[in-house]
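K.L.:
Below are the structure tokens for one structure; questions will follow.
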Amino acid sequence: MDRTVSALTACTDRVDVDALLIRPDGLVALASPGGQGLDATTLVRVLGTWFGPRA
């Protein structure tokens with residue numbers, strides 16, 4: 001199983017979301033509300049939920 005995570009930066013006129021984690025099947029696994037940012041602890045937790053524990 002490929003456990004690669006790609007990060008892309010995009011600009012949008014939407015101000016209600018700062019970051020999205022989108023699964024390979026297109027479903028949104030995480031949406032970080034606008035103005036709150038996405039801290040490393042939250043990202044590691046969400047990625048662990050999706051990919052399993054770190055090796």
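Chain labels A, B, ... are given in the sequence in which chains occur in the structure tokens; within each chain residues are numbered consecutively from 1, and ligands are likewise numbered from 1 in the order shown.
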From a backbone DSSP assignment, name each residue in chain A labelled strand (DSSP E), as a count of residues only.
P.N.:
12
K.L.:
Quick one: residues within 9 Å of range 20-23 of chain A, only C-alpha atoms counted, chain neighbours fewer than 6 positions away excluded, as a list in words?
P.N.:
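The residues that qualify are Ala29, Leu30, Ala31, Ser32, Leu43, Val46, Leu47 and Trp50 of chain A.
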K.L.:
I need the residues from that last selection saved to file as a compact mmCIF listing (two decimals), in the first residue's frame (with N, CA, C and O atoms), if you can.
P.N.:
```txt
# COMPACT_ATOMS: atom_id res chain seq x y z
N ALA A 29 -11.40 13.99 4.34
CA ALA A 29 -11.14 13.36 5.63
C ALA A 29 -11.00 14.39 6.74
O ALA A 29 -11.22 14.08 7.90
N LEU A 30 -10.64 15.61 6.39
CA LEU A 30 -10.48 16.68 7.37
C LEU A 30 -10.69 18.01 6.68
O LEU A 30 -10.20 18.23 5.59
N ALA A 31 -11.44 18.88 7.32
CA ALA A 31 -11.59 20.26 6.87
C ALA A 31 -11.27 21.15 8.06
O ALA A 31 -11.94 21.09 9.08
N SER A 32 -10.22 21.94 7.93
CA SER A 32 -9.83 22.84 9.01
C SER A 32 -10.56 24.16 8.82
O SER A 32 -10.39 24.83 7.80
N LEU A 43 -2.70 17.31 12.32
CA LEU A 43 -2.39 16.63 11.07
C LEU A 43 -1.89 15.21 11.32
O LEU A 43 -2.33 14.26 10.67
N VAL A 46 -4.86 12.97 12.35
CA VAL A 46 -5.74 12.63 11.23
C VAL A 46 -5.07 11.66 10.28
O VAL A 46 -5.68 10.70 9.81
N LEU A 47 -3.79 11.90 9.99
CA LEU A 47 -3.08 10.98 9.10
C LEU A 47 -2.98 9.59 9.73
O LEU A 47 -3.08 8.58 9.04
N TRP A 50 -6.18 7.79 9.13
CA TRP A 50 -6.34 7.37 7.74
C TRP A 50 -5.35 6.27 7.36
O TRP A 50 -5.72 5.26 6.78
```
K.L.:
Residues of chain A classed as alpha helix (DSSP H) by DSSP on the backbone are to be reported as an mmCIF file with N, CA and C atoms, in the first residue's frame.
P.N.:
```cif
data_model
loop_
_atom_site.group_PDB
_atom_site.id
_atom_site.type_symbol
_atom_site.label_atom_id
_atom_site.label_comp_id
_atom_site.auth_asym_id
_atom_site.auth_seq_id
_atom_site.Cartn_x
_atom_site.Cartn_y
_atom_site.Cartn_z
ATOM 1 N N ALA A 40 0.452 20.819 13.502
ATOM 2 C CA ALA A 40 1.096 19.540 13.234
ATOM 3 C C ALA A 40 0.472 18.403 14.036
ATOM 4 N N THR A 41 0.074 18.649 15.275
ATOM 5 C CA THR A 41 -0.519 17.609 16.113
ATOM 6 C C THR A 41 -1.815 17.090 15.500
ATOM 7 N N THR A 42 -2.658 17.999 15.036
ATOM 8 C CA THR A 42 -3.917 17.594 14.410
ATOM 9 C C THR A 42 -3.648 16.831 13.123
ATOM 10 N N LEU A 43 -2.704 17.305 12.322
ATOM 11 C CA LEU A 43 -2.390 16.626 11.069
ATOM 12 C C LEU A 43 -1.888 15.206 11.321
ATOM 13 N N VAL A 44 -0.985 15.030 12.275
ATOM 14 C CA VAL A 44 -0.463 13.691 12.594
ATOM 15 C C VAL A 44 -1.587 12.776 13.076
ATOM 16 N N ARG A 45 -2.506 13.299 13.898
ATOM 17 C CA ARG A 45 -3.633 12.496 14.387
ATOM 18 C C ARG A 45 -4.527 12.049 13.241
ATOM 19 N N VAL A 46 -4.860 12.967 12.351
ATOM 20 C CA VAL A 46 -5.740 12.633 11.230
ATOM 21 C C VAL A 46 -5.066 11.662 10.277
ATOM 22 N N LEU A 47 -3.794 11.901 9.987
ATOM 23 C CA LEU A 47 -3.082 10.979 9.101
ATOM 24 C C LEU A 47 -2.977 9.591 9.732
ATOM 25 N N GLY A 48 -2.803 9.523 11.061
ATOM 26 C CA GLY A 48 -2.785 8.233 11.744
ATOM 27 C C GLY A 48 -4.096 7.501 11.646
ATOM 28 N N THR A 49 -5.193 8.253 11.687
ATOM 29 C CA THR A 49 -6.518 7.648 11.535
ATOM 30 C C THR A 49 -6.668 7.064 10.138
ATOM 31 N N TRP A 50 -6.184 7.790 9.130
ATOM 32 C CA TRP A 50 -6.342 7.369 7.741
ATOM 33 C C TRP A 50 -5.352 6.272 7.364
ATOM 34 N N PHE A 51 -4.067 6.439 7.728
ATOM 35 C CA PHE A 51 -3.023 5.502 7.292
ATOM 36 C C PHE A 51 -2.645 4.463 8.336
#
```
K.L.:
Find the residue from A:Asp16, A:Leu38, A:Pro53, A:Pro24 that sits nearest to Thr4 in chain A; use only C-alpha atoms when measuring.
P.N.:
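Ranking A:Asp16, A:Leu38, A:Pro53, A:Pro24 by distance to Thr4 in chain A, first place goes to A:Pro24.
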K.L.:
Could you list, as a list in words, every residue within 12 Å of Val15 in chain A, counting only C-alpha atoms and ignoring same-chain residues fewer than 2 positions away?
P.N.:
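Everything that qualifies: Cys11, Thr12, Asp13, Val17, Asp18, Ala19, Ser32, Pro33, Gly34, Gly35, Gln36 and Gly37 of chain A.
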